[in-house]
Each structure stands twice: as C-alpha cells, then as structure tokens.
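So this one's target_36.pdb, PDB, C-alpha atoms:
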ATOM      1  CA  MET D   1      90.965  40.857  -5.388
ATOM      2  CA  ALA D   2      87.273  41.761  -5.532
ATOM      3  CA  LYS D   3      85.029  39.965  -3.076
ATOM      4  CA  VAL D   4      82.460  37.495  -4.420
ATOM      5  CA  LYS D   5      78.739  37.256  -3.714
ATOM      6  CA  ILE D   6      77.053  34.078  -4.952
ATOM      7  CA  CYS D   7      73.359  34.646  -5.551
ATOM      8  CA  CYS D   8      70.262  32.470  -6.118
ATOM      9  CA  ILE D   9      71.165  30.210  -3.191
ATOM     10  CA  ALA D  10      68.436  27.562  -2.971
ATOM     11  CA  ASN D  11      69.235  25.673   0.226
ATOM     12  CA  ILE D  12      71.697  25.364   3.092
ATOM     13  CA  GLU D  13      73.900  22.938   1.123
ATOM     14  CA  GLU D  14      74.393  25.517  -1.653
ATOM     15  CA  ALA D  15      75.087  28.217   0.922
ATOM     16  CA  ARG D  16      77.790  26.153   2.579
ATOM     17  CA  LEU D  17      79.290  25.169  -0.776
ATOM     18  CA  ALA D  18      79.527  28.813  -1.912
ATOM     19  CA  LEU D  19      81.152  29.828   1.365
ATOM     20  CA  LYS D  20      83.562  26.887   1.191
ATOM     21  CA  TYR D  21      84.857  28.077  -2.178
ATOM     22  CA  GLY D  22      85.469  31.563  -0.810
ATOM     23  CA  ALA D  23      82.263  33.544  -1.254
ATOM     24  CA  TYR D  24      82.207  36.705   0.850
ATOM     25  CA  ALA D  25      78.404  36.714   0.801
ATOM     26  CA  ILE D  26      75.411  34.727  -0.377
ATOM     27  CA  GLY D  27      72.237  36.025  -2.010
ATOM     28  CA  LEU D  28      68.756  34.686  -1.297
ATOM     29  CA  VAL D  29      66.211  35.679  -3.924
ATOM     30  CA  GLY D  30      62.711  36.368  -2.671
ATOM     31  CA  PRO D  31      59.584  36.372  -4.856
ATOM     32  CA  MET D  32      60.305  38.185  -8.138
ATOM     33  CA  PRO D  33      58.269  39.030 -11.255
ATOM     34  CA  SER D  34      60.825  37.059 -13.318
ATOM     35  CA  GLY D  35      64.267  35.500 -13.171
ATOM     36  CA  PRO D  36      65.926  32.432 -11.658
ATOM     37  CA  GLY D  37      66.208  31.126  -8.130
ATOM     38  CA  PRO D  38      63.321  32.613  -6.131
ATOM     39  CA  ILE D  39      62.545  31.056  -2.768
ATOM     40  CA  SER D  40      60.043  32.061  -0.115
ATOM     41  CA  PRO D  41      60.969  34.351   2.789
ATOM     42  CA  VAL D  42      60.467  31.363   5.119
ATOM     43  CA  GLU D  43      62.952  29.273   3.110
ATOM     44  CA  ALA D  44      65.413  32.174   3.072
ATOM     45  CA  GLY D  45      65.033  32.635   6.820
ATOM     46  CA  ASN D  46      65.685  28.949   7.423
ATOM     47  CA  ILE D  47      68.956  29.193   5.498
ATOM     48  CA  VAL D  48      70.036  32.315   7.395
ATOM     49  CA  SER D  49      69.246  30.687  10.742
ATOM     50  CA  GLN D  50      71.555  27.745   9.981
ATOM     51  CA  LEU D  51      74.596  29.859   9.111
ATOM     52  CA  PRO D  52      77.077  31.482  11.518
ATOM     53  CA  SER D  53      75.776  34.853  12.700
ATOM     54  CA  ASN D  54      78.675  36.702  11.065
ATOM     55  CA  THR D  55      77.840  35.393   7.561
ATOM     56  CA  ASN D  56      77.024  38.096   5.023
ATOM     57  CA  THR D  57      73.538  37.194   3.853
ATOM     58  CA  PHE D  58      71.666  39.277   1.285
ATOM     59  CA  TYR D  59      67.893  38.950   0.953
ATOM     60  CA  LEU D  60      66.639  40.205  -2.426
ATOM     61  CA  THR D  61      63.202  41.771  -2.406
ATOM     62  CA  SER D  62      61.186  43.229  -5.270
ATOM     63  CA  LYS D  63      58.905  45.110  -2.864
ATOM     64  CA  VAL D  64      59.107  48.895  -2.802
ATOM     65  CA  THR D  65      56.976  50.020   0.155
ATOM     66  CA  LEU D  66      58.288  49.922   3.702
ATOM     67  CA  GLU D  67      55.379  47.789   4.912
ATOM     68  CA  GLU D  68      55.822  45.132   2.212
ATOM     69  CA  ILE D  69      59.603  45.026   2.630
ATOM     70  CA  LEU D  70      59.307  44.604   6.392
ATOM     71  CA  ILE D  71      56.761  41.785   6.068
ATOM     72  CA  GLU D  72      59.370  39.772   4.170
ATOM     73  CA  TYR D  73      62.447  40.917   6.065
ATOM     74  CA  GLN D  74      61.038  40.164   9.518
ATOM     75  CA  VAL D  75      60.859  36.508   8.450
ATOM     76  CA  VAL D  76      64.351  36.374   6.932
ATOM     77  CA  LYS D  77      66.513  38.545   9.239
ATOM     78  CA  SER D  78      69.471  38.611   6.839
ATOM     79  CA  SER D  79      72.438  40.917   7.427
ATOM     80  CA  HIS D  80      71.732  42.827   4.198
ATOM     81  CA  ILE D  81      68.608  43.669   2.248
ATOM     82  CA  GLN D  82      68.960  44.097  -1.500
ATOM     83  CA  LEU D  83      66.306  46.335  -3.030
ATOM     84  CA  THR D  84      66.022  45.124  -6.601
ATOM     85  CA  ASP D  85      63.458  47.679  -7.753
ATOM     86  CA  ALA D  86      63.623  51.458  -7.461
ATOM     87  CA  THR D  87      62.759  52.573  -3.933
ATOM     88  CA  SER D  88      62.479  56.031  -2.449
ATOM     89  CA  SER D  89      65.045  57.633  -0.195
ATOM     90  CA  THR D  90      62.336  57.765   2.470
ATOM     91  CA  VAL D  91      61.910  53.998   2.429
ATOM     92  CA  ARG D  92      65.655  53.431   2.722
ATOM     93  CA  LYS D  93      65.921  55.889   5.631
ATOM     94  CA  GLU D  94      62.994  54.280   7.436
ATOM     95  CA  LEU D  95      64.491  50.820   7.006
ATOM     96  CA  LYS D  96      67.594  52.030   8.817
ATOM     97  CA  LEU D  97      65.472  53.570  11.570
ATOM     98  CA  VAL D  98      63.669  50.271  12.169
ATOM     99  CA  TYR D  99      66.822  48.135  11.805
ATOM    100  CA  PRO D 100      69.898  50.350  12.405
ATOM    101  CA  ARG D 101      72.350  47.475  11.825
ATOM    102  CA  LEU D 102      70.750  46.335   8.585
ATOM    103  CA  GLU D 103      72.873  47.000   5.507
ATOM    104  CA  VAL D 104      70.672  48.510   2.795
ATOM    105  CA  VAL D 105      71.822  47.762  -0.757
ATOM    106  CA  GLN D 106      70.065  49.551  -3.605
ATOM    107  CA  VAL D 107      70.207  47.969  -7.056
ATOM    108  CA  ILE D 108      70.825  50.260 -10.018
ATOM    109  CA  HIS D 109      69.914  48.715 -13.355
ATOM    110  CA  VAL D 110      72.511  50.164 -15.694
ATOM    111  CA  VAL D 111      70.743  51.270 -18.856
ATOM    112  CA  ASP D 112      72.394  54.481 -20.031
ATOM    113  CA  ASP D 113      74.011  57.646 -18.682
ATOM    114  CA  THR D 114      70.904  58.445 -16.613
ATOM    115  CA  SER D 115      71.919  55.531 -14.389
ATOM    116  CA  ILE D 116      74.856  57.607 -13.117
ATOM    117  CA  ALA D 117      72.572  60.286 -11.689
ATOM    118  CA  GLU D 118      70.276  57.596 -10.283
ATOM    119  CA  ALA D 119      73.212  55.950  -8.535
ATOM    120  CA  ARG D 120      74.505  59.237  -7.152
ATOM    121  CA  GLU D 121      71.110  59.988  -5.625
ATOM    122  CA  ALA D 122      70.588  56.473  -4.235
ATOM    123  CA  ALA D 123      74.040  56.545  -2.646
ATOM    124  CA  LYS D 124      72.894  59.286  -0.259
ATOM    125  CA  THR D 125      70.604  56.887   1.615
ATOM    126  CA  SER D 126      72.149  53.450   0.979
ATOM    127  CA  ASP D 127      74.988  51.477   2.523
ATOM    128  CA  ALA D 128      76.029  50.007  -0.833
ATOM    129  CA  LEU D 129      74.953  49.895  -4.464
ATOM    130  CA  LEU D 130      74.683  46.931  -6.789
ATOM    131  CA  LEU D 131      74.921  47.495 -10.537
ATOM    132  CA  ASP D 132      72.915  45.008 -12.573
ATOM    133  CA  SER D 133      71.551  44.437 -16.080
ATOM    134  CA  GLY D 134      67.832  44.310 -15.451
ATOM    135  CA  ALA D 135      64.975  45.924 -17.334
ATOM    136  CA  PRO D 136      62.593  47.324 -14.702
ATOM    137  CA  ASP D 137      60.495  49.141 -17.326
ATOM    138  CA  LYS D 138      59.381  45.981 -19.135
ATOM    139  CA  LEU D 139      55.777  44.820 -18.803
ATOM    140  CA  ILE D 140      57.108  41.881 -16.793
ATOM    141  CA  LYS D 141      59.969  43.449 -14.877
ATOM    142  CA  GLU D 142      63.471  42.010 -15.068
ATOM    143  CA  LEU D 143      65.061  42.839 -11.727
ATOM    144  CA  GLY D 144      68.154  40.650 -11.985
ATOM    145  CA  GLY D 145      69.323  37.203 -12.965
ATOM    146  CA  THR D 146      69.271  38.028 -16.673
ATOM    147  CA  GLY D 147      72.704  36.580 -17.456
ATOM    148  CA  ARG D 148      73.419  39.693 -19.555
ATOM    149  CA  THR D 149      76.307  42.093 -19.204
ATOM    150  CA  HIS D 150      75.813  45.840 -19.451
ATOM    151  CA  ASN D 151      77.925  48.862 -20.352
ATOM    152  CA  TRP D 152      80.889  48.643 -17.975
ATOM    153  CA  GLU D 153      81.976  52.146 -18.972
ATOM    154  CA  ILE D 154      78.912  53.464 -17.154
ATOM    155  CA  SER D 155      79.527  51.157 -14.196
ATOM    156  CA  GLN D 156      83.093  52.423 -13.984
ATOM    157  CA  GLN D 157      81.852  56.015 -13.864
ATOM    158  CA  ILE D 158      79.456  55.122 -11.043
ATOM    159  CA  VAL D 159      82.233  53.469  -9.019
ATOM    160  CA  ASN D 160      84.363  56.575  -9.495
ATOM    161  CA  THR D 161      81.477  58.863  -8.521
ATOM    162  CA  VAL D 162      80.032  57.383  -5.335
ATOM    163  CA  LYS D 163      81.803  56.813  -2.040
ATOM    164  CA  LEU D 164      80.149  53.524  -1.192
ATOM    165  CA  PRO D 165      80.942  49.861  -1.788
ATOM    166  CA  VAL D 166      79.699  48.958  -5.270
ATOM    167  CA  TYR D 167      78.837  45.409  -6.322
ATOM    168  CA  LEU D 168      78.983  44.521 -10.011
ATOM    169  CA  ALA D 169      76.491  41.984 -11.387
ATOM    170  CA  GLY D 170      75.175  40.972 -14.781
ATOM    171  CA  GLY D 171      76.437  38.117 -16.938
ATOM    172  CA  LEU D 172      79.683  37.532 -15.057
ATOM    173  CA  LYS D 173      81.503  34.219 -15.467
ATOM    174  CA  ASN D 174      85.014  32.803 -15.505
ATOM    175  CA  THR D 175      85.710  34.078 -19.035
ATOM    176  CA  ASN D 176      84.946  37.752 -18.373
ATOM    177  CA  VAL D 177      85.227  38.426 -14.644
ATOM    178  CA  ALA D 178      88.901  39.408 -14.689
ATOM    179  CA  LYS D 179      88.233  41.925 -17.462
ATOM    180  CA  ALA D 180      85.176  43.270 -15.641
ATOM    181  CA  VAL D 181      87.057  43.776 -12.381
ATOM    182  CA  LYS D 182      89.976  45.453 -14.123
ATOM    183  CA  LYS D 183      87.623  47.819 -15.957
ATOM    184  CA  VAL D 184      85.122  48.665 -13.223
ATOM    185  CA  THR D 185      87.163  48.082 -10.016
ATOM    186  CA  PRO D 186      84.089  47.140  -7.948
ATOM    187  CA  TYR D 187      84.152  46.323  -4.257
ATOM    188  CA  ALA D 188      82.661  42.930  -5.097
ATOM    189  CA  VAL D 189      81.214  40.909  -7.960
ATOM    190  CA  ASP D 190      77.864  39.163  -7.850
ATOM    191  CA  LEU D 191      76.711  36.242  -9.964
ATOM    192  CA  CYS D 192      74.096  33.525 -10.265
ATOM    193  CA  SER D 193      73.977  31.643 -13.583
ATOM    194  CA  GLY D 194      77.740  31.931 -14.171
ATOM    195  CA  VAL D 195      78.441  29.212 -11.603
ATOM    196  CA  ARG D 196      75.420  26.997 -12.246
ATOM    197  CA  THR D 197      74.543  24.059 -14.490
ATOM    198  CA  ASN D 198      70.873  23.236 -14.990
ATOM    199  CA  GLY D 199      70.096  25.627 -12.171
ATOM    200  CA  LYS D 200      72.344  23.871  -9.665
ATOM    201  CA  LEU D 201      75.500  25.290  -8.125
ATOM    202  CA  ASP D 202      78.411  23.676  -9.995
ATOM    203  CA  ARG D 203      81.657  22.883  -8.149
ATOM    204  CA  ALA D 204      83.741  22.954 -11.320
ATOM    205  CA  LYS D 205      82.364  26.344 -12.349
ATOM    206  CA  LEU D 206      82.916  27.719  -8.851
ATOM    207  CA  ASP D 207      86.510  26.549  -8.962
ATOM    208  CA  SER D 208      87.192  28.030 -12.417
ATOM    209  CA  PHE D 209      85.492  31.313 -11.495
ATOM    210  CA  PHE D 210      87.558  31.870  -8.363
ATOM    211  CA  LYS D 211      90.733  30.893 -10.216
ATOM    212  CA  ALA D 212      89.931  33.358 -13.028
ATOM    213  CA  LEU D 213      89.285  36.112 -10.497
ATOM    214  CA  SER D 214      92.600  35.565  -8.732
ATOM    215  CA  VAL D 215      94.705  35.863 -11.901
TER     216      VAL D 215
END

Can I see the file as structure tokens?
Amino acid sequence: MAKVKICCIANIEEARLALKYGAYAIGLVGPMPSGPGPISPVEAGNIVSQLPSNTNTFYLTSKVTLEEILIEYQVVKSSHIQLTDATSSTVRKELKLVYPRLEVVQVIHVVDDTSIAEAREAAKTSDALLLDSGAPDKLIKELGGTGRTHNWEISQQIVNTVKLPVYLAGGLKNTNVAKAVKKVTPYAVDLCSGVRTNGKLDRAKLDSFFKALSV
C-alpha cells in the first residue's frame, strides 16, 4: 500500500490526528502566493519541535534562492524540505551541503509531456519528487493545494523513468485514490483538501480515505 502524507497541517493537534490515522508524513505549508493552509515558519517549527524526532515532517517553501530557503528552514528544522517552485540544481546541491541529512523533495507540476524531462533532470539532485497539479506560470502562482487532478498517464511515465521515491498529489480523495495508486504506482500519496471539511482535518474523511487506500 502506498504511504500517505497529510498536508496543510495547521497545529499540533492536527499533526497528531493525522499520525494516529496512519500518516507516514505530515506537510507544513509555509507562506505561499496562493492556496490553502499556510502557516508561518515559526508555527511550523513549533509543531516539529513537539513531535517525536523520527517523525517525517515536510516543510513546504515557495522560495527559490538558497538564502531565502535557509532563512525559513533554519526556523523549522523539518526532516524534509519540499520545494514547491522550480529551483536550480545548484540550490538543491547546496542545500545538501549545508544540511547533509535533509531530504530534498522537488515538486514537479505536471502540465504536459515536458514535465517528464523536467522530472528526469530534477531527479539528479533531489532525494524525492512530488507530482502536483499547480500552475506556476500564472500571474498569481498556484504551487499546490489546488484540489485538481492532473494527467496520471504522465505521472506514471515519470514514476517509471526516475529512480527516486515519487509522491503523487493533486485532487486525491477516497473516491479516486485507489485508482490513482493502481495507475501511477507512487511511493506515497499526498493530500490536503481531500480529508478536510471547512478547512479542518475531518476524522470521518481520514477514516474513509485510509480504508479506500487499503482496498
């Protein structure tokens, strides 16, 4: 069964609830140009500090320069950093030089076949990839949390092409996750709105999602 990352965690109670239901990892969304669930680096760091040290914590940043990324990350100290916008291979390499144990996850916004080449290149200097349904070229960038699915055929090709763990995100919920996993065979799935009601983590939706995934 694919692992599950629950994103848009707002506080320690949500983090513990997600982990209780079986989440492999939690996602903490830093300041973004758009989308749900952003919290400050200080708030994210407070959540991380209250969890067991072996918890898989992903901090999502929209920053693209090493200096800006480090300003946020040094406050959070999560186990993973999720780069939601396009970053250079140099930045990813330098992140690993500064923090050798940090897991660097590059987001690929699946748009068309060009995303395959983008993923192949990013895989050379990343620890994992996350395939999402954003629109980074819009005037106000969409870097995740859209609630939209994308072309899983392309995602499947990326999974088959790269030799890294690949997370699948974008519009996943209890009614489509089994189909998505069967089609794409990702290492893990990642979701935010699919297990929320009025922005709050929903126990019933968590339960139905994990049950649907285990079928």

Quiz item: Applied to the shown file, which residues does the PyMOL selection byres ((chain D and resi 6) around 10) return, written as a VMD selection string?
Solution: chain D and resid 4 to 5 7 to 9 14 to 15 18 to 19 22 to 28 57 to 58 189 to 195 201 206

Quiz prompt | Neighbour list for Gly30 of chain D as number ranges by chain, cut-off 12 Å, all atoms listed in the file, skip fewer than 6 positions in-chain | solution = D: 7-10, 36-45, 58-63, 69, 71-73, 75-76, 78, 81-84, 143-144

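Running the PyMOL selection byres ((chain D and resi 127) around 7) on this file leaves Glu103, Val104, Val105, Ser126, Ala128 and Leu164 of chain D selected.
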
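Closest approach to Ser155 of chain D from the set D:Thr65, D:Thr114, D:Ser88, D:Thr125 is made by D:Thr114, with distances taken over all atoms listed in the file.
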
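Atom CA of Met32 of chain D sits 26.2 Å away from atom CA of Ser53 of chain D.
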
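Of the listed residues (D:Arg203, D:Asn198, D:Asn160, D:Ile108), D:Asn160 comes nearest to Val184 of chain D; the distances count all atoms listed in the file.
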
Close residues, Thr90 of chain D itself excluded, 9 Å, only C-alpha atoms, min 3 positions apart in chain, as a CSV table (one decimal) with C-alpha atoms, in the coordinates of the input:
chain,number,residue,atom,x,y,z
D,66,LEU,CA,58.3,49.9,3.7
D,87,THR,CA,62.8,52.6,-3.9
D,93,LYS,CA,65.9,55.9,5.6
D,94,GLU,CA,63.0,54.3,7.4
D,95,LEU,CA,64.5,50.8,7.0
D,125,THR,CA,70.6,56.9,1.6
